[in-house]
$ cat upload_13.pdb   # PDB, C-alpha atoms
ATOM      1  CA  MET A 248     -13.543  -5.127  11.086  1.00  0.00           C
ATOM      2  CA  THR A 249     -15.338  -5.153   7.765  1.00  0.00           C
ATOM      3  CA  LEU A 250     -13.512  -4.259   4.574  1.00  0.00           C
ATOM      4  CA  PHE A 251     -15.427  -3.415   1.388  1.00  0.00           C
ATOM      5  CA  VAL A 252     -13.510  -3.635  -1.896  1.00  0.00           C
ATOM      6  CA  ASP A 253     -15.328  -1.546  -4.514  1.00  0.00           C
ATOM      7  CA  HIS A 254     -15.168   0.338  -7.787  1.00  0.00           C
ATOM      8  CA  ALA A 255     -14.152   3.999  -7.491  1.00  0.00           C
ATOM      9  CA  ASP A 256     -17.720   5.226  -7.945  1.00  0.00           C
ATOM     10  CA  ALA A 257     -19.277   3.026  -5.224  1.00  0.00           C
ATOM     11  CA  LEU A 258     -18.824   5.232  -2.172  1.00  0.00           C
ATOM     12  CA  HIS A 259     -20.619   4.218   1.034  1.00  0.00           C
ATOM     13  CA  ASP A 260     -21.423   5.921   4.322  1.00  0.00           C
ATOM     14  CA  LEU A 261     -19.710   3.413   6.608  1.00  0.00           C
ATOM     15  CA  PRO A 262     -20.332   2.684  10.300  1.00  0.00           C
ATOM     16  CA  ASP A 263     -17.492   2.249  12.804  1.00  0.00           C
ATOM     17  CA  ASN A 264     -15.013  -0.564  12.120  1.00  0.00           C
ATOM     18  CA  CYS A 265     -15.972  -0.644   8.447  1.00  0.00           C
ATOM     19  CA  PHE A 266     -13.557   0.493   5.756  1.00  0.00           C
ATOM     20  CA  GLN A 267     -13.714   0.817   2.002  1.00  0.00           C
ATOM     21  CA  LEU A 268     -10.922   0.142  -0.467  1.00  0.00           C
ATOM     22  CA  ILE A 269     -11.714   1.652  -3.861  1.00  0.00           C
ATOM     23  CA  ALA A 270     -10.085   0.996  -7.200  1.00  0.00           C
ATOM     24  CA  PRO A 271      -8.012   3.918  -8.487  1.00  0.00           C
ATOM     25  CA  TYR A 272      -9.962   6.551 -10.388  1.00  0.00           C
ATOM     26  CA  GLY A 273      -9.865   6.006 -14.117  1.00  0.00           C
ATOM     27  CA  SER A 274      -9.157   2.277 -13.851  1.00  0.00           C
ATOM     28  CA  LEU A 275     -10.811   0.087 -16.441  1.00  0.00           C
ATOM     29  CA  GLN A 276     -13.971  -1.776 -15.402  1.00  0.00           C
ATOM     30  CA  GLY A 277     -12.657  -5.061 -16.802  1.00  0.00           C
ATOM     31  CA  LEU A 278      -9.558  -4.900 -14.603  1.00  0.00           C
ATOM     32  CA  PHE A 279     -11.403  -4.445 -11.314  1.00  0.00           C
ATOM     33  CA  GLY A 280     -11.338  -8.160 -10.469  1.00  0.00           C
ATOM     34  CA  VAL A 281      -7.577  -8.321 -10.964  1.00  0.00           C
ATOM     35  CA  TRP A 282      -7.064  -5.195  -8.831  1.00  0.00           C
ATOM     36  CA  ALA A 283      -9.388  -6.475  -6.062  1.00  0.00           C
ATOM     37  CA  GLU A 284      -7.637  -9.846  -5.904  1.00  0.00           C
ATOM     38  CA  GLN A 285      -4.219  -8.201  -5.796  1.00  0.00           C
ATOM     39  CA  VAL A 286      -5.228  -5.751  -3.056  1.00  0.00           C
ATOM     40  CA  MET A 287      -6.645  -8.506  -0.835  1.00  0.00           C
ATOM     41  CA  GLU A 288      -3.524 -10.623  -1.344  1.00  0.00           C
ATOM     42  CA  SER A 289      -1.313  -7.652  -0.417  1.00  0.00           C
ATOM     43  CA  VAL A 290      -3.369  -6.845   2.687  1.00  0.00           C
ATOM     44  CA  ILE A 291      -3.064 -10.450   3.842  1.00  0.00           C
ATOM     45  CA  ASP A 292       0.679 -10.476   3.037  1.00  0.00           C
ATOM     46  CA  ILE A 293       1.192  -7.608   5.499  1.00  0.00           C
ATOM     47  CA  VAL A 294       0.481  -9.947   8.401  1.00  0.00           C
ATOM     48  CA  ARG A 295       1.423 -13.259   6.775  1.00  0.00           C
ATOM     49  CA  TYR A 296       5.048 -12.473   5.901  1.00  0.00           C
ATOM     50  CA  SER A 297       7.131 -10.855   8.598  1.00  0.00           C
ATOM     51  CA  GLY A 298      10.481  -9.176   8.217  1.00  0.00           C
ATOM     52  CA  PRO A 299      12.886  -6.841   9.969  1.00  0.00           C
ATOM     53  CA  VAL A 300      10.234  -4.105  10.268  1.00  0.00           C
ATOM     54  CA  CYS A 301       7.061  -5.982  11.158  1.00  0.00           C
ATOM     55  CA  THR A 302       3.503  -4.789  10.845  1.00  0.00           C
ATOM     56  CA  ASP A 303       0.529  -6.622  12.223  1.00  0.00           C
ATOM     57  CA  PHE A 304      -3.255  -6.551  12.036  1.00  0.00           C
ATOM     58  CA  ALA A 305      -3.436  -3.717  14.606  1.00  0.00           C
ATOM     59  CA  ASP A 306      -1.115  -1.601  12.415  1.00  0.00           C
ATOM     60  CA  LEU A 307      -3.371  -2.213   9.428  1.00  0.00           C
ATOM     61  CA  VAL A 308      -6.468  -1.187  11.404  1.00  0.00           C
ATOM     62  CA  SER A 309      -4.641   1.885  12.740  1.00  0.00           C
ATOM     63  CA  ALA A 310      -3.712   2.937   9.195  1.00  0.00           C
ATOM     64  CA  LEU A 311      -7.287   2.478   7.975  1.00  0.00           C
ATOM     65  CA  ASN A 312      -8.619   4.439  10.962  1.00  0.00           C
ATOM     66  CA  ALA A 313      -6.313   7.295   9.968  1.00  0.00           C
ATOM     67  CA  SER A 314      -8.395   7.683   6.801  1.00  0.00           C
ATOM     68  CA  GLY A 315     -10.999   9.528   8.869  1.00  0.00           C
ATOM     69  CA  GLY A 316     -13.829   7.549   7.297  1.00  0.00           C
ATOM     70  CA  MET A 317     -12.756   8.323   3.734  1.00  0.00           C
ATOM     71  CA  ALA A 318     -12.392   5.633   1.090  1.00  0.00           C
ATOM     72  CA  VAL A 319      -8.866   4.267   0.696  1.00  0.00           C
ATOM     73  CA  THR A 320      -7.129   3.085  -2.440  1.00  0.00           C
ATOM     74  CA  ALA A 321      -4.167   0.786  -2.980  1.00  0.00           C
ATOM     75  CA  ALA A 322      -1.156   1.061  -5.235  1.00  0.00           C
ATOM     76  CA  TRP A 323       2.001  -0.905  -5.956  1.00  0.00           C
ATOM     77  CA  VAL A 324       5.343   0.462  -7.051  1.00  0.00           C
ATOM     78  CA  ASP A 325       8.279  -1.594  -8.292  1.00  0.00           C
ATOM     79  CA  CYS A 326      11.269  -0.738  -6.086  1.00  0.00           C
ATOM     80  CA  GLU A 327      13.905  -2.324  -8.313  1.00  0.00           C
ATOM     81  CA  CYS A 328      14.650   0.945 -10.095  1.00  0.00           C
ATOM     82  CA  SER A 329      16.642   4.131  -9.584  1.00  0.00           C
ATOM     83  CA  GLU A 330      15.695   6.626  -6.878  1.00  0.00           C
ATOM     84  CA  GLN A 331      14.581   9.114  -9.557  1.00  0.00           C
ATOM     85  CA  GLU A 332      12.288   6.541 -11.214  1.00  0.00           C
ATOM     86  CA  LEU A 333      10.851   5.578  -7.818  1.00  0.00           C
ATOM     87  CA  LEU A 334      10.257   9.240  -6.969  1.00  0.00           C
ATOM     88  CA  SER A 335       8.488   9.775 -10.295  1.00  0.00           C
ATOM     89  CA  GLN A 336       6.264   6.698  -9.844  1.00  0.00           C
ATOM     90  CA  LEU A 337       5.256   7.781  -6.337  1.00  0.00           C
ATOM     91  CA  ARG A 338       4.438  11.362  -7.346  1.00  0.00           C
ATOM     92  CA  ARG A 339       2.059  10.084 -10.038  1.00  0.00           C
ATOM     93  CA  LEU A 340      -0.022   8.199  -7.464  1.00  0.00           C
ATOM     94  CA  ARG A 341      -1.822  11.270  -6.077  1.00  0.00           C
ATOM     95  CA  ILE A 342      -2.607   9.795  -2.659  1.00  0.00           C
ATOM     96  CA  ARG A 343      -2.204  10.811   0.967  1.00  0.00           C
ATOM     97  CA  PRO A 344      -0.451   7.700   2.296  1.00  0.00           C
ATOM     98  CA  LEU A 345      -1.640   5.759   5.335  1.00  0.00           C
ATOM     99  CA  LEU A 346       0.461   2.607   5.101  1.00  0.00           C
ATOM    100  CA  CYS A 347       3.687   1.758   3.308  1.00  0.00           C
ATOM    101  CA  HIS A 348       4.758  -1.870   3.201  1.00  0.00           C
ATOM    102  CA  VAL A 349       7.838  -3.063   1.344  1.00  0.00           C
ATOM    103  CA  ILE A 350       7.502  -6.617   0.105  1.00  0.00           C
ATOM    104  CA  GLY A 351      10.888  -8.115  -0.613  1.00  0.00           C
ATOM    105  CA  GLY A 352      11.930 -11.569  -1.419  1.00  0.00           C
ATOM    106  CA  PRO A 353      12.902 -14.212  -1.355  1.00  0.00           C
ATOM    107  CA  GLU A 354      15.974 -12.971   0.530  1.00  0.00           C
ATOM    108  CA  LEU A 355      16.420 -10.185   3.038  1.00  0.00           C
ATOM    109  CA  ILE A 356      17.296  -6.840   1.495  1.00  0.00           C
ATOM    110  CA  HIS A 357      19.875  -4.707   3.260  1.00  0.00           C
ATOM    111  CA  ILE A 358      18.332  -2.213   5.693  1.00  0.00           C
ATOM    112  CA  SER A 359      19.972   0.613   3.716  1.00  0.00           C
ATOM    113  CA  SER A 360      17.785  -0.339   0.727  1.00  0.00           C
ATOM    114  CA  PHE A 361      14.693  -0.185   2.940  1.00  0.00           C
ATOM    115  CA  THR A 362      15.792   3.204   4.297  1.00  0.00           C
ATOM    116  CA  ARG A 363      16.428   4.490   0.752  1.00  0.00           C
ATOM    117  CA  ILE A 364      12.895   3.536  -0.255  1.00  0.00           C
ATOM    118  CA  LEU A 365      11.414   5.249   2.796  1.00  0.00           C
ATOM    119  CA  ASP A 366      13.440   8.405   2.136  1.00  0.00           C
ATOM    120  CA  VAL A 367      12.024   8.559  -1.389  1.00  0.00           C
ATOM    121  CA  VAL A 368       8.483   7.930  -0.101  1.00  0.00           C
ATOM    122  CA  GLU A 369       8.836  10.826   2.365  1.00  0.00           C
ATOM    123  CA  ALA A 370      10.154  13.105  -0.393  1.00  0.00           C
ATOM    124  CA  ALA A 371       7.369  12.179  -2.821  1.00  0.00           C
ATOM    125  CA  LEU A 372       4.252  11.961  -0.660  1.00  0.00           C
ATOM    126  CA  PRO A 373       3.067  14.642   1.779  1.00  0.00           C
ATOM    127  CA  GLY A 374       2.524  13.322   5.305  1.00  0.00           C
ATOM    128  CA  ALA A 375       4.488  10.118   4.683  1.00  0.00           C
ATOM    129  CA  GLU A 376       6.605  10.594   7.800  1.00  0.00           C
ATOM    130  CA  GLU A 377       3.541   9.785   9.938  1.00  0.00           C
ATOM    131  CA  ILE A 378       2.401   6.568   8.265  1.00  0.00           C
ATOM    132  CA  VAL A 379       2.574   2.906   9.277  1.00  0.00           C
ATOM    133  CA  LEU A 380       5.745   1.371   7.829  1.00  0.00           C
ATOM    134  CA  GLY A 381       6.640  -2.253   7.345  1.00  0.00           C
ATOM    135  CA  TYR A 382       8.893  -4.664   5.510  1.00  0.00           C
ATOM    136  CA  GLY A 383       8.042  -8.312   4.950  1.00  0.00           C
ATOM    137  CA  ILE A 384       9.953 -11.072   3.202  1.00  0.00           C
ATOM    138  CA  HIS A 385       7.771 -12.878   0.671  1.00  0.00           C
ATOM    139  CA  PRO A 386       9.164 -16.079  -0.842  1.00  0.00           C
ATOM    140  CA  ASN A 387       7.897 -15.360  -4.369  1.00  0.00           C
ATOM    141  CA  LYS A 388       7.887 -11.598  -4.934  1.00  0.00           C
ATOM    142  CA  ARG A 389      10.155  -8.940  -6.358  1.00  0.00           C
ATOM    143  CA  MET A 390      10.887  -5.950  -4.169  1.00  0.00           C
ATOM    144  CA  THR A 391       7.632  -3.991  -4.326  1.00  0.00           C
ATOM    145  CA  LEU A 392       6.164  -1.135  -2.348  1.00  0.00           C
ATOM    146  CA  PHE A 393       2.498  -1.583  -1.388  1.00  0.00           C
ATOM    147  CA  LEU A 394       0.700   1.603  -0.376  1.00  0.00           C
ATOM    148  CA  LEU A 395      -2.694   2.276   1.102  1.00  0.00           C
ATOM    149  CA  GLY A 396      -3.813   5.898   0.946  1.00  0.00           C
ATOM    150  CA  VAL A 397      -6.622   8.364   0.516  1.00  0.00           C
ATOM    151  CA  PRO A 398      -6.952   9.662  -3.074  1.00  0.00           C
ATOM    152  CA  ILE A 399      -6.273  13.392  -3.443  1.00  0.00           C
TER     153      ILE A 399
END
$ encode --input "upload_13.pdb" --output "structure tokens"
Amino acid sequence: MTLFVDHADALHDLPDNCFQLIAPYGSLQGLFGVWAEQVMESVIDIVRYSGPVCTDFADLVSALNASGGMAVTAAWVDCECSEQELLSQLRRLRIRPLLCHVIGGPELIHISSFTRILDVVEAALPGAEEIVLGYGIHPNKRMTLFLLGVPI
């Protein structure tokens, strides 16, 4: 698998087993490096830190394949807020989700918290009930939702 991490305007015609992650539209040029580093760290964290709902490299590839060859973007949402705030943050993203990975830490969150987050994701994003879902415990992170999706 080859993964290209690019600016929003650098769209490629990609062969099989090649995927493109693009920065969100309207993001500042000077912040691309920060975004690219964060997205690669989050992609690696999916397989590095396991949890009660594990995802692995095959799940990541499956999610990227579900893009149908379209460029994918990444977003992060802070989950330590009310359901209404979480719903509002997710609706502003304007993506068709492919992968949803909750990063919690350093301690295990109760499964009801994970379920609450997933319920809000399904309410906010069309097609979310068919995406790859995961939850990993990261020793140094706040509870965050990492999403990969196709911009709409």
$ resolve_selection --input "upload_13.pdb" --expression "the PyMOL selection byres ((chain A and resi 268) around 9)" --output "NGL selection string"
:A and (250-255 or 266-267 or 269-270 or 283 or 286 or 318-321 or 395)
$ resolve_selection --input "upload_13.pdb" --expression "the PyMOL selection byres ((chain A and resi 312) around 12)" --output "ChimeraX atom specification"
/A:248,250,261-267,305-311,313-319,345-346,378-379,395-397
$ resolve_selection --input "upload_13.pdb" --expression "the PyMOL selection byres ((chain A and resi 337) around 12)" --output "PyMOL selection string"
chain A and resi 322-326+330-336+338-344+347+364-373+375+392-394+396
$ atom_distance --input "upload_13.pdb" --atom1 "CA of Tyr272 in chain A" --atom2 "CA of Asp256 in chain A"
8.2 Å
$ closest_atom_pairs --input "upload_13.pdb" --of "range 264-326 of chain A" --to "range 357-363 of chain A" --cutoff "12 Å" --atoms "all atoms listed in the file" --output "JSON lines"
{"residue": "A:Gly298", "atom": "CA", "partner": "A:Ile358", "partner_atom": "CA", "distance": 10.8}
{"residue": "A:Pro299", "atom": "CA", "partner": "A:Ile358", "partner_atom": "CA", "distance": 8.3}
{"residue": "A:Val300", "atom": "CA", "partner": "A:Phe361", "partner_atom": "CA", "distance": 9.4}
{"residue": "A:Cys326", "atom": "CA", "partner": "A:Ser360", "partner_atom": "CA", "distance": 9.4}
$ atom_distance --input "upload_13.pdb" --atom1 "CA of Leu380 in chain A" --atom2 "CA of Val281 in chain A"
25.0 Å
$ atom_distance --input "upload_13.pdb" --atom1 "CA of Pro271 in chain A" --atom2 "CA of Met287 in chain A"
14.7 Å
$ closest_residue --input "upload_13.pdb" --among "A:Glu354, A:Glu288, A:Glu376, A:Glu327" --to "Met390 in chain A" --atoms "all atoms listed in the file"
A:Glu327
$ closest_residue --input "upload_13.pdb" --among "A:Pro386, A:Cys328, A:Thr391, A:Glu377" --to "Ile350 in chain A" --atoms "only C-alpha atoms"
A:Thr391
